[in-house]
>>> print(open('model38.pdb').read())   # PDB, C-alpha atoms, pLDDT in the B column
ATOM      1  CA  MET A   1       0.000   0.000   0.000  1.00 50.00           C
ATOM      2  CA  GLN A   2       2.832   2.344   0.892  1.00 49.00           C
ATOM      3  CA  MET A   3       4.570   1.722  -2.429  1.00 48.00           C
ATOM      4  CA  ASN A   4       1.291   2.286  -4.322  1.00 51.00           C
ATOM      5  CA  ALA A   5       0.964   5.644  -2.632  1.00 46.00           C
ATOM      6  CA  ILE A   6       4.538   6.473  -3.611  1.00 44.00           C
ATOM      7  CA  HIS A   7       3.754   5.506  -7.212  1.00 48.00           C
ATOM      8  CA  ASP A   8       0.654   7.747  -7.215  1.00 49.00           C
ATOM      9  CA  LEU A   9       2.728  10.645  -5.919  1.00 41.00           C
ATOM     10  CA  ALA A  10       5.376  10.015  -8.546  1.00 49.00           C
ATOM     11  CA  SER A  11       2.808  10.153 -11.334  1.00 51.00           C
ATOM     12  CA  PHE A  12       1.109  13.274  -9.911  1.00 43.00           C
ATOM     13  CA  PRO A  13       3.483  15.764 -11.616  1.00 51.00           C
ATOM     14  CA  SER A  14       2.852  14.021 -14.912  1.00 52.00           C
ATOM     15  CA  ARG A  15      -0.897  14.433 -14.488  1.00 52.00           C
ATOM     16  CA  ILE A  16      -0.405  18.112 -13.728  1.00 45.00           C
ATOM     17  CA  SER A  17       1.701  18.447 -16.869  1.00 50.00           C
ATOM     18  CA  HIS A  18      -1.035  16.775 -18.877  1.00 50.00           C
ATOM     19  CA  LEU A  19      -3.627  19.146 -17.450  1.00 45.00           C
ATOM     20  CA  LEU A  20      -1.449  22.132 -18.279  1.00 43.00           C
ATOM     21  CA  LEU A  21      -1.032  20.815 -21.822  1.00 44.00           C
ATOM     22  CA  CYS A  22      -4.809  20.684 -22.271  1.00 48.00           C
ATOM     23  CA  CYS A  23      -5.142  24.216 -20.905  1.00 45.00           C
ATOM     24  CA  ALA A  24      -2.423  25.419 -23.247  1.00 46.00           C
ATOM     25  CA  MET A  25      -4.308  23.994 -26.198  1.00 44.00           C
ATOM     26  CA  LEU A  26      -7.417  25.867 -25.075  1.00 45.00           C
ATOM     27  CA  LEU A  27      -5.656  29.222 -24.845  1.00 45.00           C
ATOM     28  CA  PRO A  28      -5.459  30.032 -28.574  1.00 45.00           C
ATOM     29  CA  ALA A  29      -9.182  29.486 -29.028  1.00 45.00           C
ATOM     30  CA  LEU A  30     -10.010  31.451 -25.911  1.00 43.00           C
ATOM     31  CA  SER A  31      -7.694  34.199 -27.092  1.00 45.00           C
ATOM     32  CA  GLY A  32      -9.479  34.253 -30.422  1.00 45.00           C
ATOM     33  CA  GLY A  33     -12.780  34.599 -28.603  1.00 44.00           C
ATOM     34  CA  SER A  34     -11.366  37.495 -26.597  1.00 43.00           C
ATOM     35  CA  GLN A  35     -10.280  39.182 -29.794  1.00 42.00           C
ATOM     36  CA  ALA A  36     -13.781  38.773 -31.189  1.00 42.00           C
ATOM     37  CA  ARG A  37     -15.223  40.334 -28.059  1.00 44.00           C
ATOM     38  CA  ALA A  38     -12.671  43.137 -28.312  1.00 54.00           C
ATOM     39  CA  GLU A  39     -14.239  44.342 -31.528  1.00 78.00           C
ATOM     40  CA  VAL A  40     -16.341  47.501 -31.379  1.00 86.00           C
ATOM     41  CA  PRO A  41     -19.391  46.580 -29.276  1.00 91.00           C
ATOM     42  CA  VAL A  42     -22.843  47.082 -30.724  1.00 93.00           C
ATOM     43  CA  TYR A  43     -25.934  48.024 -28.721  1.00 95.00           C
ATOM     44  CA  ASP A  44     -29.657  48.392 -29.186  1.00 96.00           C
ATOM     45  CA  VAL A  45     -30.906  51.718 -27.836  1.00 97.00           C
ATOM     46  CA  GLU A  46     -34.603  52.391 -27.231  1.00 97.00           C
ATOM     47  CA  VAL A  47     -36.030  55.650 -25.915  1.00 97.00           C
ATOM     48  CA  VAL A  48     -39.410  57.087 -24.986  1.00 97.00           C
ATOM     49  CA  ILE A  49     -39.446  60.889 -24.803  1.00 96.00           C
ATOM     50  CA  PHE A  50     -42.432  62.520 -23.101  1.00 94.00           C
ATOM     51  CA  SER A  51     -43.613  65.909 -21.845  1.00 90.00           C
ATOM     52  CA  ASN A  52     -44.986  66.772 -18.416  1.00 88.00           C
ATOM     53  CA  GLN A  53     -48.349  68.437 -18.943  1.00 80.00           C
ATOM     54  CA  ASN A  54     -48.657  69.568 -15.349  1.00 74.00           C
ATOM     55  CA  SER A  55     -45.276  71.243 -15.171  1.00 63.00           C
ATOM     56  CA  GLY A  56     -44.803  74.980 -15.213  1.00 57.00           C
ATOM     57  CA  ASP A  57     -42.411  76.750 -17.511  1.00 51.00           C
ATOM     58  CA  ASP A  58     -39.489  76.489 -15.137  1.00 52.00           C
ATOM     59  CA  GLY A  59     -36.200  75.083 -16.312  1.00 49.00           C
ATOM     60  CA  GLU A  60     -33.795  76.515 -18.836  1.00 49.00           C
ATOM     61  CA  HIS A  61     -35.417  78.496 -21.659  1.00 49.00           C
ATOM     62  CA  TRP A  62     -34.664  81.267 -24.123  1.00 45.00           C
ATOM     63  CA  PRO A  63     -37.767  83.421 -24.739  1.00 43.00           C
ATOM     64  CA  THR A  64     -36.563  85.318 -27.814  1.00 40.00           C
ATOM     65  CA  SER A  65     -34.179  83.163 -29.847  1.00 46.00           C
ATOM     66  CA  LEU A  66     -33.092  79.600 -30.343  1.00 47.00           C
ATOM     67  CA  PRO A  67     -29.471  78.564 -29.720  1.00 49.00           C
ATOM     68  CA  ASP A  68     -27.370  78.041 -32.826  1.00 49.00           C
ATOM     69  CA  THR A  69     -26.744  74.439 -31.800  1.00 46.00           C
ATOM     70  CA  LEU A  70     -30.380  73.407 -31.833  1.00 42.00           C
ATOM     71  CA  GLY A  71     -29.855  70.741 -34.481  1.00 43.00           C
ATOM     72  CA  PRO A  72     -27.712  67.610 -34.196  1.00 42.00           C
ATOM     73  CA  ARG A  73     -24.159  68.631 -33.380  1.00 42.00           C
ATOM     74  CA  GLY A  74     -21.141  66.988 -34.987  1.00 43.00           C
ATOM     75  CA  PHE A  75     -23.281  64.194 -36.357  1.00 45.00           C
ATOM     76  CA  THR A  76     -21.491  61.956 -38.853  1.00 47.00           C
ATOM     77  CA  PRO A  77     -23.363  58.645 -38.869  1.00 54.00           C
ATOM     78  CA  GLY A  78     -21.756  57.049 -41.914  1.00 58.00           C
ATOM     79  CA  GLY A  79     -24.580  54.516 -42.085  1.00 75.00           C
ATOM     80  CA  GLN A  80     -23.735  53.154 -38.651  1.00 89.00           C
ATOM     81  CA  PHE A  81     -27.287  53.341 -37.304  1.00 93.00           C
ATOM     82  CA  SER A  82     -29.915  50.724 -37.989  1.00 93.00           C
ATOM     83  CA  GLU A  83     -33.518  51.557 -37.146  1.00 94.00           C
ATOM     84  CA  ARG A  84     -35.283  48.873 -35.107  1.00 95.00           C
ATOM     85  CA  PRO A  85     -38.836  47.778 -35.947  1.00 95.00           C
ATOM     86  CA  ALA A  86     -41.665  48.524 -33.538  1.00 95.00           C
ATOM     87  CA  SER A  87     -42.040  44.781 -32.984  1.00 95.00           C
ATOM     88  CA  SER A  88     -38.690  44.808 -31.155  1.00 94.00           C
ATOM     89  CA  TYR A  89     -39.690  47.532 -28.663  1.00 97.00           C
ATOM     90  CA  ARG A  90     -39.362  46.688 -24.982  1.00 96.00           C
ATOM     91  CA  LEU A  91     -40.801  49.892 -23.545  1.00 97.00           C
ATOM     92  CA  ASN A  92     -44.344  49.530 -24.887  1.00 97.00           C
ATOM     93  CA  GLY A  93     -45.742  49.063 -21.403  1.00 96.00           C
ATOM     94  CA  ILE A  94     -44.173  52.310 -20.230  1.00 96.00           C
ATOM     95  CA  GLU A  95     -45.386  54.148 -23.330  1.00 96.00           C
ATOM     96  CA  ASN A  96     -48.937  52.896 -22.822  1.00 96.00           C
ATOM     97  CA  GLY A  97     -48.849  53.944 -19.185  1.00 96.00           C
ATOM     98  CA  LEU A  98     -47.760  57.458 -20.143  1.00 95.00           C
ATOM     99  CA  ARG A  99     -50.432  57.729 -22.824  1.00 93.00           C
ATOM    100  CA  GLN A 100     -53.137  56.696 -20.374  1.00 94.00           C
ATOM    101  CA  SER A 101     -52.049  59.355 -17.898  1.00 92.00           C
ATOM    102  CA  ARG A 102     -53.478  62.845 -18.251  1.00 87.00           C
ATOM    103  CA  GLY A 103     -50.313  64.326 -16.829  1.00 89.00           C
ATOM    104  CA  TYR A 104     -47.992  63.184 -19.619  1.00 92.00           C
ATOM    105  CA  SER A 105     -47.823  63.191 -23.387  1.00 90.00           C
ATOM    106  CA  VAL A 106     -45.581  60.869 -25.405  1.00 93.00           C
ATOM    107  CA  LEU A 107     -43.457  62.871 -27.827  1.00 93.00           C
ATOM    108  CA  LEU A 108     -41.395  60.132 -29.444  1.00 95.00           C
ATOM    109  CA  HIS A 109     -40.805  56.385 -29.148  1.00 97.00           C
ATOM    110  CA  THR A 110     -37.996  55.008 -31.268  1.00 96.00           C
ATOM    111  CA  ALA A 111     -35.157  52.482 -31.235  1.00 97.00           C
ATOM    112  CA  TRP A 112     -31.960  51.890 -33.174  1.00 96.00           C
ATOM    113  CA  ARG A 113     -28.822  49.728 -33.266  1.00 95.00           C
ATOM    114  CA  GLN A 114     -25.349  51.251 -33.275  1.00 95.00           C
ATOM    115  CA  PRO A 115     -21.679  50.693 -32.440  1.00 94.00           C
ATOM    116  CA  ALA A 116     -20.354  52.346 -29.295  1.00 94.00           C
ATOM    117  CA  TYR A 117     -17.053  54.227 -29.596  1.00 95.00           C
ATOM    118  CA  ASP A 118     -14.973  56.265 -27.174  1.00 94.00           C
ATOM    119  CA  SER A 119     -15.739  59.942 -26.581  1.00 92.00           C
ATOM    120  CA  ARG A 120     -13.409  61.055 -29.379  1.00 93.00           C
ATOM    121  CA  ASN A 121     -15.152  58.931 -32.019  1.00 93.00           C
ATOM    122  CA  ALA A 122     -18.658  58.719 -30.544  1.00 94.00           C
ATOM    123  CA  ILE A 123     -21.538  59.318 -32.932  1.00 92.00           C
ATOM    124  CA  GLY A 124     -24.830  60.949 -31.985  1.00 94.00           C
ATOM    125  CA  TYR A 125     -28.203  59.662 -33.054  1.00 95.00           C
ATOM    126  CA  PRO A 126     -30.134  62.663 -34.448  1.00 94.00           C
ATOM    127  CA  ILE A 127     -33.526  63.668 -33.088  1.00 94.00           C
ATOM    128  CA  ASP A 128     -35.502  65.964 -35.369  1.00 90.00           C
ATOM    129  CA  ALA A 129     -39.234  65.469 -35.090  1.00 87.00           C
ATOM    130  CA  SER A 130     -42.499  67.360 -35.018  1.00 83.00           C
ATOM    131  CA  VAL A 131     -44.479  66.088 -32.051  1.00 76.00           C
ATOM    132  CA  ARG A 132     -47.956  66.359 -30.569  1.00 69.00           C
ATOM    133  CA  ASN A 133     -49.718  66.975 -33.879  1.00 65.00           C
ATOM    134  CA  GLY A 134     -47.017  69.392 -34.985  1.00 72.00           C
ATOM    135  CA  ALA A 135     -47.537  71.780 -32.068  1.00 80.00           C
ATOM    136  CA  ASN A 136     -43.974  71.267 -30.786  1.00 84.00           C
ATOM    137  CA  HIS A 137     -40.599  70.433 -32.206  1.00 89.00           C
ATOM    138  CA  LEU A 138     -38.050  68.083 -30.636  1.00 92.00           C
ATOM    139  CA  SER A 139     -34.438  68.183 -31.782  1.00 92.00           C
ATOM    140  CA  GLY A 140     -30.912  67.375 -30.696  1.00 95.00           C
ATOM    141  CA  GLN A 141     -28.999  64.130 -30.376  1.00 95.00           C
ATOM    142  CA  ILE A 142     -28.468  61.098 -28.160  1.00 97.00           C
ATOM    143  CA  THR A 143     -24.911  59.803 -27.996  1.00 96.00           C
ATOM    144  CA  LEU A 144     -23.759  56.407 -26.771  1.00 96.00           C
ATOM    145  CA  VAL A 145     -20.168  56.469 -25.486  1.00 96.00           C
ATOM    146  CA  ARG A 146     -18.091  53.492 -24.365  1.00 94.00           C
ATOM    147  CA  GLU A 147     -14.761  53.994 -22.625  1.00 91.00           C
ATOM    148  CA  ARG A 148     -14.029  52.416 -19.276  1.00 90.00           C
ATOM    149  CA  TYR A 149     -17.780  52.564 -18.688  1.00 92.00           C
ATOM    150  CA  LEU A 150     -20.781  52.868 -20.962  1.00 95.00           C
ATOM    151  CA  HIS A 151     -22.468  56.299 -20.995  1.00 95.00           C
ATOM    152  CA  LEU A 152     -25.536  57.778 -22.645  1.00 96.00           C
ATOM    153  CA  ASP A 153     -25.273  61.513 -23.317  1.00 96.00           C
ATOM    154  CA  VAL A 154     -28.582  63.277 -23.942  1.00 96.00           C
ATOM    155  CA  ASP A 155     -28.815  66.762 -25.440  1.00 95.00           C
ATOM    156  CA  LEU A 156     -32.357  67.615 -26.515  1.00 95.00           C
ATOM    157  CA  LEU A 157     -34.383  70.781 -27.059  1.00 92.00           C
ATOM    158  CA  LEU A 158     -38.165  71.108 -27.005  1.00 91.00           C
ATOM    159  CA  THR A 159     -39.816  74.179 -28.487  1.00 88.00           C
ATOM    160  CA  SER A 160     -43.105  75.141 -30.069  1.00 79.00           C
ATOM    161  CA  ALA A 161     -43.492  74.787 -33.809  1.00 69.00           C
ATOM    162  CA  THR A 162     -43.534  78.579 -34.152  1.00 66.00           C
ATOM    163  CA  GLY A 163     -40.120  78.808 -32.555  1.00 61.00           C
ATOM    164  CA  ALA A 164     -38.739  81.035 -29.849  1.00 52.00           C
ATOM    165  CA  ALA A 165     -38.704  84.053 -32.160  1.00 57.00           C
ATOM    166  CA  GLU A 166     -42.326  84.666 -31.167  1.00 64.00           C
ATOM    167  CA  GLY A 167     -41.609  84.433 -27.472  1.00 66.00           C
ATOM    168  CA  SER A 168     -42.210  80.701 -26.994  1.00 75.00           C
ATOM    169  CA  PRO A 169     -39.942  79.081 -24.407  1.00 80.00           C
ATOM    170  CA  VAL A 170     -37.310  76.517 -25.308  1.00 85.00           C
ATOM    171  CA  TYR A 171     -36.616  73.672 -22.897  1.00 90.00           C
ATOM    172  CA  GLU A 172     -33.328  71.796 -22.788  1.00 92.00           C
ATOM    173  CA  LEU A 173     -32.702  68.303 -21.489  1.00 93.00           C
ATOM    174  CA  SER A 174     -28.943  67.874 -21.139  1.00 93.00           C
ATOM    175  CA  GLU A 175     -27.652  65.000 -19.058  1.00 94.00           C
ATOM    176  CA  LYS A 176     -24.912  62.382 -19.074  1.00 93.00           C
ATOM    177  CA  ARG A 177     -25.672  59.065 -17.453  1.00 91.00           C
ATOM    178  CA  ARG A 178     -23.454  56.091 -16.764  1.00 93.00           C
ATOM    179  CA  ILE A 179     -25.125  52.849 -17.791  1.00 92.00           C
ATOM    180  CA  LYS A 180     -24.162  50.592 -14.910  1.00 85.00           C
ATOM    181  CA  ARG A 181     -26.159  47.607 -16.051  1.00 83.00           C
ATOM    182  CA  SER A 182     -27.369  46.831 -19.556  1.00 80.00           C
ATOM    183  CA  GLY A 183     -31.029  45.986 -19.906  1.00 87.00           C
ATOM    184  CA  LYS A 184     -31.980  48.310 -17.052  1.00 92.00           C
ATOM    185  CA  VAL A 185     -34.464  51.138 -17.583  1.00 94.00           C
ATOM    186  CA  HIS A 186     -32.903  54.607 -17.130  1.00 95.00           C
ATOM    187  CA  TYR A 187     -34.792  57.830 -16.531  1.00 94.00           C
ATOM    188  CA  PHE A 188     -33.569  61.263 -17.646  1.00 94.00           C
ATOM    189  CA  ASP A 189     -35.454  63.961 -15.794  1.00 85.00           C
ATOM    190  CA  HIS A 190     -36.456  67.548 -16.550  1.00 83.00           C
ATOM    191  CA  PRO A 191     -39.322  69.654 -15.113  1.00 85.00           C
ATOM    192  CA  ARG A 192     -40.892  70.024 -18.551  1.00 88.00           C
ATOM    193  CA  PHE A 193     -40.008  66.856 -20.449  1.00 92.00           C
ATOM    194  CA  GLY A 194     -38.038  63.679 -19.881  1.00 94.00           C
ATOM    195  CA  MET A 195     -36.729  60.506 -21.454  1.00 96.00           C
ATOM    196  CA  ILE A 196     -36.779  56.819 -20.562  1.00 97.00           C
ATOM    197  CA  ALA A 197     -34.107  54.634 -22.154  1.00 97.00           C
ATOM    198  CA  ILE A 198     -32.985  51.035 -22.223  1.00 96.00           C
ATOM    199  CA  ILE A 199     -29.658  49.862 -23.685  1.00 96.00           C
ATOM    200  CA  THR A 200     -28.937  46.215 -24.436  1.00 94.00           C
ATOM    201  CA  PRO A 201     -25.818  44.665 -25.992  1.00 93.00           C
ATOM    202  CA  TYR A 202     -26.167  43.068 -29.402  1.00 91.00           C
ATOM    203  CA  GLN A 203     -24.139  40.168 -30.768  1.00 79.00           C
ATOM    204  CA  SER A 204     -24.496  39.378 -34.444  1.00 72.00           C
ATOM    205  CA  PRO A 205     -25.398  35.802 -35.458  1.00 68.00           C
ATOM    206  CA  GLU A 206     -22.071  35.583 -37.312  1.00 69.00           C
ATOM    207  CA  MET A 207     -20.066  36.504 -34.217  1.00 60.00           C
ATOM    208  CA  GLN A 208     -22.108  34.166 -32.016  1.00 61.00           C
ATOM    209  CA  GLN A 209     -21.548  31.313 -34.466  1.00 67.00           C
ATOM    210  CA  ARG A 210     -17.817  32.051 -34.652  1.00 65.00           C
ATOM    211  CA  LEU A 211     -17.464  32.010 -30.877  1.00 62.00           C
ATOM    212  CA  GLU A 212     -19.384  28.750 -30.627  1.00 69.00           C
ATOM    213  CA  GLU A 213     -17.213  27.155 -33.340  1.00 71.00           C
ATOM    214  CA  GLU A 214     -14.012  28.308 -31.632  1.00 72.00           C
ATOM    215  CA  GLU A 215     -15.136  26.942 -28.281  1.00 75.00           C
ATOM    216  CA  ALA A 216     -16.193  23.625 -29.855  1.00 76.00           C
ATOM    217  CA  ALA A 217     -12.840  23.308 -31.653  1.00 80.00           C
ATOM    218  CA  ALA A 218     -10.976  24.026 -28.425  1.00 81.00           C
ATOM    219  CA  MET A 219     -12.919  21.324 -26.590  1.00 79.00           C
ATOM    220  CA  GLU A 220     -12.238  18.814 -29.369  1.00 77.00           C
ATOM    221  CA  GLU A 221      -8.512  19.543 -29.277  1.00 81.00           C
ATOM    222  CA  ALA A 222      -8.465  19.182 -25.499  1.00 81.00           C
ATOM    223  CA  ALA A 223     -10.327  15.869 -25.720  1.00 77.00           C
ATOM    224  CA  ALA A 224      -7.928  14.602 -28.397  1.00 77.00           C
ATOM    225  CA  ALA A 225      -4.945  15.586 -26.263  1.00 79.00           C
ATOM    226  CA  GLU A 226      -6.402  13.738 -23.318  1.00 75.00           C
ATOM    227  CA  GLU A 227      -6.921  10.563 -25.373  1.00 73.00           C
ATOM    228  CA  THR A 228      -3.393  10.535 -26.789  1.00 74.00           C
ATOM    229  CA  ALA A 229      -1.701  11.361 -23.495  1.00 68.00           C
ATOM    230  CA  THR A 230      -0.134   8.294 -21.810  1.00 59.00           C
ATOM    231  CA  GLU A 231       0.365   7.692 -18.138  1.00 57.00           C
ATOM    232  CA  PRO A 232       3.951   6.817 -17.031  1.00 59.00           C
ATOM    233  CA  GLU A 233       4.487   3.057 -17.032  1.00 60.00           C
ATOM    234  CA  PRO A 234       5.039   1.530 -13.592  1.00 61.00           C
ATOM    235  CA  SER A 235       8.464   0.127 -12.863  1.00 62.00           C
ATOM    236  CA  PRO A 236       9.023  -3.665 -12.647  1.00 60.00           C
ATOM    237  CA  ASN A 237       9.556  -3.304  -8.923  1.00 63.00           C
ATOM    238  CA  ASP A 238       6.123  -1.746  -8.548  1.00 58.00           C
ATOM    239  CA  ASP A 239       4.604  -4.668 -10.493  1.00 54.00           C
ATOM    240  CA  GLN A 240       6.265  -7.182  -8.216  1.00 52.00           C
ATOM    241  CA  LEU A 241       5.136  -5.414  -5.071  1.00 51.00           C
ATOM    242  CA  THR A 242       1.526  -5.345  -6.175  1.00 51.00           C
ATOM    243  CA  ARG A 243       1.354  -9.069  -7.005  1.00 49.00           C
TER
END
>>> encode(input="model38.pdb", output="structure tokens")
Amino acid sequence: MQMNAIHDLASFPSRISHLLLCCAMLLPALSGGSQARAEVPVYDVEVVIFSNQNSGDDGEHWPTSLPDTLGPRGFTPGGQFSERPASSYRLNGIENGLRQSRGYSVLLHTAWRQPAYDSRNAIGYPIDASVRNGANHLSGQITLVRERYLHLDVDLLLTSATGAAEGSPVYELSEKRRIKRSGKVHYFDHPRFGMIAIITPYQSPEMQQRLEEEEAAAMEEAAAAEETATEPEPSPNDDQLTR
């Protein structure tokens, strides 16, 4: 029994080496998967923008003129946005609740898919819409930024269709919010109008298939290595002692 234990201890380093060999064969595939995940991440962004009917005219406003930067600022989409169909919306329940309330009016409900870059290369989704039967105008941009953390930068203006030149107030919703958890509903507040947003990561079917193929190949290589690996043969003395 004592000699068997000694033999098991002697073969233990070999088993460790075999395990390390299998892990080493997995590393290239895992590294490839990491590289795939390191590509520019893509997200689905959905927003519901609404006005507060019971609010006064407090908040930032310009009674005589609109700011020069009313429209989308620095917007260079380059075809990087993809509009999402209404069937994909996840905030329908919230929209319906707002519509059923007398205190709120839904201005815009939309969704799109886009890559998320750092602040230097971030692209803003343009908002330029006539809302509430054309009585008001909503403009500006919503920018998704990914650096160490994911952020959603909102810069929107709400004004009457006649514009501030006739003394109508202009309301600005300007806020930057860190998205701590994807798939969570985020609320951007303003006394006059606000926005509800949800951001979820998107992985293309091609990337998902590639990752699955790489993981499957890595498992096959590890299994093949385990089958071909041989345990150290016991010495003749060990055979005699175990008879």
>>> residues_around(input="model38.pdb", residues="Leu144 of chain A", least_positions_apart="6", cutoff="12 Å", atoms="all atoms listed in the file", output="VMD selection string")
chain A and resid 41 to 46 81 112 to 126 150 to 155 176 to 179 197 to 201
>>> axis_aligned_box(input="model38.pdb", around="segment 182-195 of chain A", padding_each_side="4 Å", output="lines of an AutoDock Vina configuration file")
center_x = -34.1
center_y = 58.0
center_z = -18.3
size_x = 21.5
size_y = 32.0
size_z = 14.3
>>> atom_distance(input="model38.pdb", atom1="atom CA of His137 of chain A", atom2="atom CA of Glu175 of chain A")
19.2 Å
>>> resolve_selection(input="model38.pdb", expression="the PyMOL selection byres ((chain A and resi 83-99) around 6)", output="ChimeraX atom specification")
/A:82,100-101,104,111-112
>>> atom_distance(input="model38.pdb", atom1="atom CA of Leu158 of chain A", atom2="atom CA of His186 of chain A")
19.9 Å
>>> atom_distance(input="model38.pdb", atom1="atom CA of Leu107 of chain A", atom2="atom CA of Asp128 of chain A")
11.4 Å
>>> closest_residue(input="model38.pdb", among="A:Ser51, A:Thr228, A:Ser168, A:Gln80", to="Val131 of chain A", atoms="only C-alpha atoms")
A:Ser51
